[in-house]
Each structure stands twice: as C-alpha cells, then as structure tokens.
$ cat start.cif   # mmCIF, C-alpha atoms
data_query
#
loop_
_atom_site.label_atom_id
_atom_site.label_comp_id
_atom_site.auth_asym_id
_atom_site.auth_seq_id
_atom_site.Cartn_x
_atom_site.Cartn_y
_atom_site.Cartn_z
CA MET A 78 4.39 8.26 14.08
CA MET A 79 3.08 5.90 11.40
CA SER A 80 3.86 2.23 11.99
CA VAL A 81 5.02 0.36 8.88
CA GLY A 82 3.62 -3.14 8.45
CA ILE A 83 3.02 -5.83 5.85
CA PHE A 84 0.51 -8.56 5.07
CA THR A 85 1.49 -11.92 6.53
CA GLY A 86 0.33 -13.54 3.27
CA TYR A 87 3.45 -12.43 1.42
CA PHE A 88 5.39 -14.97 3.47
CA PRO A 89 4.33 -18.53 2.46
CA TYR A 90 5.49 -20.34 5.59
CA GLY A 91 4.25 -21.67 8.89
CA LEU A 92 3.24 -19.30 11.67
CA ASP A 93 6.57 -19.11 13.50
CA GLU A 94 8.69 -18.79 10.35
CA THR A 95 6.40 -16.09 8.97
CA ILE A 96 6.78 -14.07 12.15
CA ARG A 97 10.56 -14.57 12.18
CA ARG A 98 10.93 -13.27 8.63
CA ILE A 99 8.64 -10.28 9.16
CA LYS A 100 10.56 -9.30 12.30
CA GLN A 101 13.84 -9.71 10.43
CA HIS A 102 12.73 -7.02 7.98
CA GLY A 103 12.02 -4.58 10.79
CA PHE A 104 8.23 -4.30 10.47
CA THR A 105 6.34 -3.10 13.50
CA ASN A 106 2.83 -4.40 12.71
CA VAL A 107 1.03 -6.75 10.32
CA GLN A 108 -2.24 -7.12 8.50
CA LEU A 109 -3.13 -10.70 9.32
CA ASP A 110 -4.07 -13.20 6.64
CA THR A 111 -6.01 -16.07 8.19
CA ALA A 112 -3.98 -18.90 6.63
CA PHE A 113 -0.45 -20.13 7.28
CA LYS A 114 1.13 -23.28 5.91
CA ASP A 115 0.63 -25.02 9.24
CA LEU A 116 -2.51 -23.30 10.52
CA VAL A 117 -5.75 -21.95 9.05
CA LEU A 118 -8.18 -19.88 11.11
CA ARG A 119 -11.70 -21.13 10.36
CA PRO A 120 -14.97 -22.05 12.08
CA GLY A 121 -14.92 -25.19 14.17
CA PRO A 122 -14.16 -26.50 17.67
CA LYS A 123 -10.52 -25.34 17.45
CA ALA A 124 -11.28 -21.80 16.30
CA VAL A 125 -10.81 -20.06 19.64
CA ASP A 126 -7.68 -22.02 20.54
CA ASP A 127 -6.17 -21.37 17.11
CA CYS A 128 -6.91 -17.65 17.35
CA ARG A 129 -5.25 -17.54 20.76
CA ARG A 130 -2.24 -19.39 19.41
CA VAL A 131 -1.85 -16.86 16.61
CA ALA A 132 -2.41 -13.86 18.89
CA ASP A 133 0.06 -15.18 21.47
CA ALA A 134 2.72 -15.82 18.83
CA PHE A 135 2.52 -12.27 17.51
CA ARG A 136 2.43 -10.83 21.04
CA ASP A 137 5.50 -12.83 22.05
CA ALA A 138 7.25 -11.38 19.01
CA ASP A 139 6.12 -7.83 19.92
CA LEU A 140 4.52 -7.59 16.47
CA PRO A 141 0.99 -6.16 16.76
CA ILE A 142 -1.81 -7.28 14.46
CA SER A 143 -3.25 -4.00 13.18
CA CYS A 144 -6.00 -5.45 10.99
CA ILE A 145 -7.34 -8.78 9.72
CA ALA A 146 -7.55 -9.47 5.98
CA ALA A 147 -10.92 -10.98 4.99
CA TYR A 148 -11.05 -9.98 1.32
CA LYS A 149 -14.00 -11.58 -0.43
CA ASN A 150 -16.38 -10.60 -3.23
CA LEU A 151 -19.29 -9.63 -0.98
CA THR A 152 -21.65 -8.95 -3.89
CA HIS A 153 -20.93 -12.15 -5.79
CA PRO A 154 -24.05 -12.87 -7.88
CA GLU A 155 -24.29 -16.55 -6.89
CA PRO A 156 -26.24 -16.61 -3.57
CA ALA A 157 -24.47 -19.54 -1.91
CA THR A 158 -21.03 -18.18 -2.78
CA ARG A 159 -21.97 -14.72 -1.56
CA GLN A 160 -23.24 -16.08 1.75
CA ALA A 161 -20.07 -18.12 2.23
CA TYR A 162 -18.02 -14.95 1.70
CA ILE A 163 -20.16 -12.95 4.12
CA ASP A 164 -19.80 -15.73 6.70
CA HIS A 165 -16.02 -15.63 6.22
CA VAL A 166 -15.98 -11.92 7.10
CA LYS A 167 -18.30 -12.49 10.06
CA PHE A 168 -15.97 -15.18 11.41
CA ALA A 169 -13.11 -12.68 11.33
CA LEU A 170 -15.23 -9.98 12.97
CA LYS A 171 -16.38 -12.34 15.72
CA HIS A 172 -12.79 -13.29 16.59
CA ALA A 173 -11.06 -9.97 15.87
CA ARG A 174 -10.71 -8.86 19.48
CA LEU A 175 -9.30 -12.26 20.38
CA LEU A 176 -6.64 -11.66 17.73
CA GLY A 177 -5.78 -8.28 19.20
CA THR A 178 -7.44 -5.82 16.83
CA PRO A 179 -10.95 -4.50 16.22
CA TYR A 180 -10.38 -4.10 12.47
CA VAL A 181 -11.37 -6.49 9.68
CA ALA A 182 -10.99 -5.39 6.06
CA SER A 183 -12.71 -6.44 2.85
CA GLU A 184 -13.97 -4.91 -0.39
CA ALA A 185 -17.54 -4.32 -1.52
CA GLY A 186 -17.06 -6.64 -4.49
CA THR A 187 -18.49 -6.78 -7.96
CA PHE A 188 -21.58 -8.42 -9.46
CA ASN A 189 -19.33 -10.00 -12.10
CA ALA A 190 -19.43 -13.79 -11.75
CA ASP A 191 -16.11 -14.47 -13.50
CA SER A 192 -13.65 -12.35 -11.53
CA ASP A 193 -13.42 -10.41 -8.27
CA TYR A 194 -11.75 -7.56 -10.16
CA ILE A 195 -13.77 -7.12 -13.36
CA PRO A 196 -16.53 -4.49 -13.36
CA ASP A 197 -20.16 -5.32 -14.08
CA PRO A 198 -22.92 -3.05 -15.44
CA LYS A 199 -24.96 -3.67 -12.28
CA ASN A 200 -22.17 -2.19 -10.15
CA GLN A 201 -23.06 1.33 -11.29
CA THR A 202 -26.83 1.04 -10.88
CA GLU A 203 -28.81 2.36 -7.92
CA ALA A 204 -30.27 -1.11 -7.39
CA GLY A 205 -26.79 -2.61 -7.26
CA TYR A 206 -25.62 0.03 -4.81
CA LEU A 207 -28.59 -0.54 -2.50
CA GLU A 208 -28.07 -4.31 -2.55
CA CYS A 209 -24.42 -3.82 -1.66
CA ARG A 210 -25.22 -1.26 1.03
CA ALA A 211 -27.53 -3.74 2.74
CA ILE A 212 -24.68 -6.26 2.95
CA LEU A 213 -22.19 -3.72 4.29
CA ALA A 214 -24.72 -2.39 6.82
CA GLU A 215 -25.33 -5.94 8.04
CA LEU A 216 -21.59 -6.42 8.53
CA ALA A 217 -21.33 -3.09 10.35
CA ARG A 218 -24.08 -4.15 12.76
CA TYR A 219 -22.44 -7.53 13.27
CA ALA A 220 -19.09 -5.83 13.88
CA GLU A 221 -20.62 -3.48 16.44
CA ASP A 222 -22.22 -6.40 18.26
CA HIS A 223 -18.77 -8.02 18.62
CA GLY A 224 -16.73 -4.94 19.51
CA ALA A 225 -15.17 -4.88 16.06
CA VAL A 226 -15.04 -2.54 13.07
CA PHE A 227 -15.57 -3.59 9.46
CA LEU A 228 -13.21 -1.63 7.20
CA LEU A 229 -14.27 -1.17 3.59
CA GLU A 230 -11.46 -0.94 1.05
CA THR A 231 -12.83 0.72 -2.05
CA TYR A 232 -11.76 -0.37 -5.53
CA VAL A 233 -12.66 1.33 -8.78
CA ASN A 234 -14.16 -1.79 -10.41
CA ASN A 235 -16.31 -2.63 -7.38
CA VAL A 236 -19.76 -1.38 -6.42
CA VAL A 237 -18.12 1.16 -4.10
CA GLY A 238 -15.13 2.47 -6.02
CA THR A 239 -15.44 6.22 -6.49
CA ILE A 240 -14.91 9.10 -4.11
CA GLU A 241 -18.60 10.01 -4.44
CA ARG A 242 -19.85 6.51 -3.61
CA THR A 243 -17.42 6.19 -0.71
CA ASN A 244 -18.66 9.46 0.76
CA ARG A 245 -22.23 8.24 0.34
CA ILE A 246 -21.69 4.84 1.96
CA VAL A 247 -20.02 6.21 5.10
CA GLU A 248 -22.76 8.81 5.48
CA GLU A 249 -25.60 6.33 5.01
CA ILE A 250 -24.27 3.51 7.18
CA ASP A 251 -22.94 5.89 9.87
CA SER A 252 -22.02 3.20 12.39
CA PRO A 253 -19.18 2.79 14.92
CA GLY A 254 -18.84 -0.68 13.40
CA PHE A 255 -17.97 0.73 9.98
CA GLY A 256 -14.81 2.46 8.73
CA LEU A 257 -12.46 2.65 5.77
CA MET A 258 -9.14 1.19 4.69
CA MET A 259 -7.28 3.96 2.85
CA ASP A 260 -5.70 2.97 -0.46
CA PRO A 261 -5.64 5.88 -2.91
CA THR A 262 -4.32 3.74 -5.76
CA ASN A 263 -7.69 1.97 -5.89
CA TYR A 264 -9.42 5.15 -7.11
CA PHE A 265 -7.39 5.43 -10.32
CA GLU A 266 -8.40 4.40 -13.82
CA ASP A 267 -7.85 5.65 -17.35
CA HIS A 268 -9.71 8.94 -16.89
CA ASN A 269 -7.70 10.20 -13.88
CA ILE A 270 -4.32 8.39 -13.92
CA ASP A 271 -2.73 11.51 -15.42
CA ARG A 272 -4.14 13.68 -12.60
CA ILE A 273 -2.61 11.95 -9.60
CA ASP A 274 -2.06 14.97 -7.34
CA GLU A 275 -5.51 16.38 -8.05
CA THR A 276 -7.12 13.02 -7.26
CA LEU A 277 -5.11 12.56 -4.05
CA ASN A 278 -6.20 15.96 -2.81
CA ARG A 279 -9.82 15.22 -3.69
CA ILE A 280 -9.65 12.01 -1.64
CA PHE A 281 -8.22 13.67 1.45
CA ASP A 282 -10.44 16.74 1.18
CA ALA A 283 -13.54 14.52 1.04
CA PRO A 284 -15.66 13.53 4.07
CA LEU A 285 -14.48 9.92 3.66
CA ALA A 286 -11.00 10.82 5.00
CA ALA A 287 -12.33 11.14 8.55
CA HIS A 288 -13.46 7.50 8.53
CA VAL A 289 -10.05 5.96 7.69
CA ARG A 290 -8.60 3.60 10.30
CA CYS A 291 -5.73 1.82 8.48
CA ALA A 292 -3.84 2.49 5.24
CA HIS A 293 -2.06 0.62 2.45
CA ALA A 294 1.16 1.33 0.60
CA LYS A 295 1.33 0.17 -3.00
CA ASP A 296 1.68 2.06 -6.30
CA VAL A 297 -0.12 2.78 -9.55
CA LYS A 298 0.80 3.46 -13.18
CA ARG A 299 -0.43 3.04 -16.73
CA ALA A 300 -0.37 -0.56 -17.89
CA ALA A 301 1.26 -1.94 -21.02
CA ASP A 302 -1.65 -4.31 -21.66
CA ALA A 303 -5.39 -4.26 -20.99
CA GLY A 304 -5.91 -7.70 -19.43
CA GLU A 305 -5.98 -8.87 -15.81
CA LYS A 306 -2.46 -8.83 -14.38
CA TYR A 307 -1.13 -11.25 -11.76
CA ALA A 308 2.29 -11.99 -10.28
CA GLU A 309 3.45 -15.60 -10.24
CA MET A 310 3.74 -16.30 -6.53
CA ASP A 311 2.60 -18.62 -3.76
CA ALA A 312 -0.24 -16.44 -2.52
CA SER A 313 -3.96 -15.83 -2.87
CA SER A 314 -5.30 -13.82 -5.80
CA ALA A 315 -5.83 -10.92 -3.39
CA HIS A 316 -2.03 -10.72 -3.12
CA SER A 317 -1.00 -11.74 -6.64
CA PHE A 318 -3.41 -9.37 -8.43
CA ARG A 319 -1.61 -6.44 -10.06
CA GLY A 320 -4.32 -4.61 -11.98
CA ILE A 321 -6.69 -4.71 -14.91
CA GLY A 322 -7.30 -2.64 -18.01
CA ALA A 323 -5.33 0.62 -18.29
CA ILE A 324 -4.01 0.38 -14.72
CA GLU A 325 -1.18 -1.60 -13.16
CA MET A 326 -0.61 -1.62 -9.39
CA PRO A 327 2.94 -2.66 -8.42
CA GLY A 328 4.69 -2.40 -5.08
CA PRO A 329 5.41 1.00 -3.49
CA GLY A 330 8.00 3.05 -5.34
CA LEU A 331 7.53 1.25 -8.66
CA GLY A 332 4.81 3.47 -10.11
CA ASP A 333 3.73 7.08 -10.41
CA LEU A 334 1.92 7.73 -7.12
CA ASN A 335 3.16 10.94 -5.50
CA TYR A 336 4.19 9.35 -2.22
CA ALA A 337 5.33 12.64 -0.71
CA LEU A 338 1.85 14.07 -1.19
CA TYR A 339 0.05 10.86 -0.20
CA LEU A 340 1.91 10.49 3.08
CA LYS A 341 1.75 14.22 3.83
CA ARG A 342 -2.03 14.26 3.49
CA LEU A 343 -2.38 10.94 5.35
CA SER A 344 -0.20 12.12 8.25
CA GLU A 345 -2.18 15.35 8.56
CA ARG A 346 -5.39 13.43 9.17
CA HIS A 347 -4.02 10.27 10.83
CA PRO A 348 -0.47 10.72 12.15
CA ASN A 349 -0.32 7.37 14.01
CA ILE A 350 -2.06 5.16 11.46
CA PRO A 351 -0.72 1.68 10.59
CA LEU A 352 0.65 1.74 7.02
CA ILE A 353 0.66 -1.71 5.40
CA ILE A 354 2.93 -2.49 2.43
CA GLU A 355 1.42 -4.68 -0.30
CA HIS A 356 1.54 -5.81 -3.96
CA LEU A 357 5.03 -7.26 -3.94
CA GLU A 358 6.90 -10.53 -3.68
CA GLU A 359 9.06 -11.56 -0.76
CA ALA A 360 12.28 -10.81 -2.62
CA ASP A 361 11.18 -7.19 -3.08
CA VAL A 362 10.33 -6.60 0.58
CA PRO A 363 13.67 -4.99 1.61
CA ARG A 364 13.52 -2.45 -1.25
CA ALA A 365 9.88 -1.59 -0.60
CA LYS A 366 10.45 -1.19 3.15
CA ARG A 367 13.43 1.13 2.55
CA PHE A 368 11.38 3.20 0.10
CA VAL A 369 8.44 3.66 2.48
CA ASP A 370 10.72 4.41 5.44
CA GLU A 371 12.58 7.08 3.44
CA GLN A 372 9.34 8.66 2.31
CA LEU A 373 8.09 8.82 5.89
CA LYS A 374 11.34 10.45 7.03
CA ARG A 375 10.84 13.20 4.45
CA VAL A 376 7.28 13.80 5.60
CA ALA A 377 8.51 14.23 9.18
CA ALA A 378 11.36 16.56 8.18
#
$ encode --input "start.cif" --output "structure tokens"
Amino acid sequence: MMSVGIFTGYFPYGLDETIRRIKQHGFTNVQLDTAFKDLVLRPGPKAVDDCRRVADAFRDADLPISCIAAYKNLTHPEPATRQAYIDHVKFALKHARLLGTPYVASEAGTFNADSDYIPDPKNQTEAGYLECRAILAELARYAEDHGAVFLLETYVNNVVGTIERTNRIVEEIDSPGFGLMMDPTNYFEDHNIDRIDETLNRIFDAPLAAHVRCAHAKDVKRAADAGEKYAEMDASSAHSFRGIGAIEMPGPGLGDLNYALYLKRLSERHPNIPLIIEHLEEADVPRAKRFVDEQLKRVAA
C-alpha cells in the first residue's frame, strides 16, 4: 500500500508544531526539509545532536521520514556556488541514516545563472551532460560510502530532463548509491502536454522506472502566461515555484494529469512506495490529501 506524505516545508513553523499539523492531516510519512523556524540542520558541532533531535521527534510521532529534500542547482555555472550546493547535498547524504532514511533528493540543475528553473543552451550539449554526469556520479559514490542513496528528480529544463537522458544517466552511473524520484509532471512541456497518457506510458515502460525509490504527487496543465510562476507563501523557491513557459504545475487534482493512469502504473512497479504531495499551500492541504486518497482507493478497487 502506498504511504501518502508531504514535504515538511509547507508548514512554516517550529519542529514540534510542524509535526503536530502534519499528523493532524493524517499523513503517514514526510519528505524532510532541513529547516524549521526553530531549527536548521547544517554543518557544525551541533549537527549530529540536531539530526537526532529531529529524528527522535518524528519517531515519537510515528511519522517516518521517507526522504530528505536537498534541492539545489548542482550545475550552477559559478564554481563557488556550485560547490556550496554540492556540499549541501553531501551533508544530507552523510546524515541521512541518522535521520532515518537512506534517501536524499535533488535535481541535476541548469547551467543558467539567473534561475534554477530556466533552461540554458549548454544543458542540451554533450559537454554539458558529461559535466553534470560527473557531479551526479560523485554524489552517488559519496552516498554509497555513507549507506545512503542520492535520488535524482528530473525536470524538463534541467540537464537531465527527458526520458532519454534519464534512461542514459541511470545506465551510465549504475550505482547502488543512485536512484530516481518519480515525478511525471516534470517531463511535460509544450510539445507533449496534449499527449499526457502517451507520455505517462512511455515513462513507466522505460528502463528508468525500475530505479524509482520515492514519488511525488502534483499536477500539470497549460499555463495562461509564459513567465516564471510562483505562489506567494512562506517557503523556499523549491516549494513556491509553479512552472515556467507553457506549463503550470499546481497541486494534485488541479491540472490535467491522468491520476488514475499515473497511480496505476506506479503501483504496478512500486506498490509500497512513499507518495509525497507537493506544490500547494497549507490551506489547500486537506483538499489535496482527500484527492490523492480517493485516487489511491480507485487504483486498489
């Protein structure tokens, strides 16, 4: 049975209040953001104690941490910024087991210096791909050394954003320290948004599907405007981002994704996978949770 969870970052409170609110909504796991209003997990002499405090709080609440969120632009063109982002992911990988999960998720990133979500011509080049692959392979090795697994979440405007490139990266890295975060909405853009079922089936028929370890639940539809889209909320850009160009990505049930097909194909390959709701505001959590729960009931029927 799939376990329905949510990012902790959609709840802008201290650790205990965040857990209380998530439990109140009936979630059974979380994807952990590393910052709360009263506690930030970061390198330093308190790192281990802080990780234990967080892990103990979620264990006491019987709310498992299924994955850690470490979303950074890993191919940022400025060297010092890129290294800081890589170090951020390594910190999460090093402490993942202490936090109760092997999984740490991030995206490949883009060579665009102005935004983590805007494409760059270098993204589609072989040189750009090889540069990105070296970074991801390094993180996979680091993960393996620490008993963790780096999960790549593909996104269409990143270096790894197509079904073909995702198949290639999992084949070429081929490491127990490397896996995928499934989010089919991230494969859509103007050329395939009108072929949702076909694209979903291509994703799950591809070799990449065997490497999925966790999954996301948001939605996708054509956008009314072509700019970058953000929700006004007390959260990082990773949580407030809602799409760019022809595509908008709202919360689950607010777009055109065929959820019946998505969850059917997902359950066939990974029947017990954690399914994490995202791209919403706190006020919309009850609706989104009801929608996902109802969709899962239909899959099981």
$ closest_residue --input "start.cif" --among "A:Val131, A:Phe84, A:Asn150, A:Asn200" --to "A:Val117" --atoms "only C-alpha atoms"
A:Val131
$ residues_around --input "start.cif" --residues "A:Ala312" --least-positions-apart "2" --cutoff "9 Å" --atoms "only C-alpha atoms" --output "list in words"
Gly86, Tyr87, Phe88, Pro89, Glu309, Met310, Ser314, Ala315, His316 and Ser317 of chain A
$ residues_near_point --input "start.cif" --point "(-26.0, -5.1, 8.2)" --cutoff "12 Å" --atoms "all atoms listed in the file" --output "ChimeraX atom specification"
/A:163,167,207-222,227,249-252,254-255
$ atom_distance --input "start.cif" --atom1 "atom CA of A:Asp333" --atom2 "atom CA of A:Val297"
5.8 Å
$ resolve_selection --input "start.cif" --expression "the PyMOL selection byres ((chain A and resi 306) around 7)" --output "VMD selection string"
chain A and resid 304 to 305 307 318 to 321
$ atom_distance --input "start.cif" --atom1 "atom CA of A:Phe168" --atom2 "atom CA of A:Leu357"
27.2 Å
$ residues_around --input "start.cif" --residues "A:His153" --least-positions-apart "4" --cutoff "12 Å" --atoms "only C-alpha atoms" --output "PyMOL selection string"
chain A and resi 149+157-163+184-197+199-200+205+208-209+212+235-236
$ resolve_selection --input "start.cif" --expression "the PyMOL selection byres ((chain A and resi 116) around 12)" --output "PDB file with C-alpha atoms, in the coordinates of the input"
ATOM      1  CA  PRO A  89       4.330 -18.530   2.460  1.00  0.00           C
ATOM      2  CA  TYR A  90       5.490 -20.340   5.590  1.00  0.00           C
ATOM      3  CA  GLY A  91       4.250 -21.670   8.890  1.00  0.00           C
ATOM      4  CA  LEU A  92       3.240 -19.300  11.670  1.00  0.00           C
ATOM      5  CA  ASP A  93       6.570 -19.110  13.500  1.00  0.00           C
ATOM      6  CA  THR A  95       6.400 -16.090   8.970  1.00  0.00           C
ATOM      7  CA  ASP A 110      -4.070 -13.200   6.640  1.00  0.00           C
ATOM      8  CA  THR A 111      -6.010 -16.070   8.190  1.00  0.00           C
ATOM      9  CA  ALA A 112      -3.980 -18.900   6.630  1.00  0.00           C
ATOM     10  CA  PHE A 113      -0.450 -20.130   7.280  1.00  0.00           C
ATOM     11  CA  LYS A 114       1.130 -23.280   5.910  1.00  0.00           C
ATOM     12  CA  ASP A 115       0.630 -25.020   9.240  1.00  0.00           C
ATOM     13  CA  VAL A 117      -5.750 -21.950   9.050  1.00  0.00           C
ATOM     14  CA  LEU A 118      -8.180 -19.880  11.110  1.00  0.00           C
ATOM     15  CA  ARG A 119     -11.700 -21.130  10.360  1.00  0.00           C
ATOM     16  CA  LYS A 123     -10.520 -25.340  17.450  1.00  0.00           C
ATOM     17  CA  ALA A 124     -11.280 -21.800  16.300  1.00  0.00           C
ATOM     18  CA  ASP A 126      -7.680 -22.020  20.540  1.00  0.00           C
ATOM     19  CA  ASP A 127      -6.170 -21.370  17.110  1.00  0.00           C
ATOM     20  CA  CYS A 128      -6.910 -17.650  17.350  1.00  0.00           C
ATOM     21  CA  ARG A 130      -2.240 -19.390  19.410  1.00  0.00           C
ATOM     22  CA  VAL A 131      -1.850 -16.860  16.610  1.00  0.00           C
TER      23      VAL A 131
END
$ closest_residue --input "start.cif" --among "A:Leu176, A:Thr243, A:Val369, A:Pro363" --to "A:Lys100" --atoms "only C-alpha atoms"
A:Pro363
$ atom_distance --input "start.cif" --atom1 "atom CA of A:Ile142" --atom2 "atom CA of A:Pro351"
9.8 Å
$ resolve_selection --input "start.cif" --expression "the PyMOL selection byres ((chain A and resi 179) around 8)" --output "list in words"
Cys144, Leu170, Ala173, Arg174, Gly177, Thr178, Tyr180, Val181, Gly224, Ala225 and Val226 of chain A
$ decode --input "start.cif" --residues "stretch 93-109 of chain A" --atoms "C-alpha atoms" --output "CSV table (one decimal), in the first residue's frame"
chain,number,residue,atom,x,y,z
A,93,ASP,CA,7.0,20.3,17.1
A,94,GLU,CA,4.2,22.4,15.6
A,95,THR,CA,5.1,21.2,12.1
A,96,ILE,CA,4.8,17.6,13.2
A,97,ARG,CA,1.5,18.3,15.0
A,98,ARG,CA,-0.1,19.8,12.0
A,99,ILE,CA,1.1,17.1,9.6
A,100,LYS,CA,-0.2,14.4,11.9
A,101,GLN,CA,-3.5,16.3,12.2
A,102,HIS,CA,-4.0,15.9,8.4
A,103,GLY,CA,-3.4,12.2,8.6
A,104,PHE,CA,-0.2,11.9,6.7
A,105,THR,CA,1.9,8.7,7.3
A,106,ASN,CA,5.3,9.9,6.1
A,107,VAL,CA,7.2,13.1,5.2
A,108,GLN,CA,9.9,14.4,2.9
A,109,LEU,CA,12.1,16.3,5.3
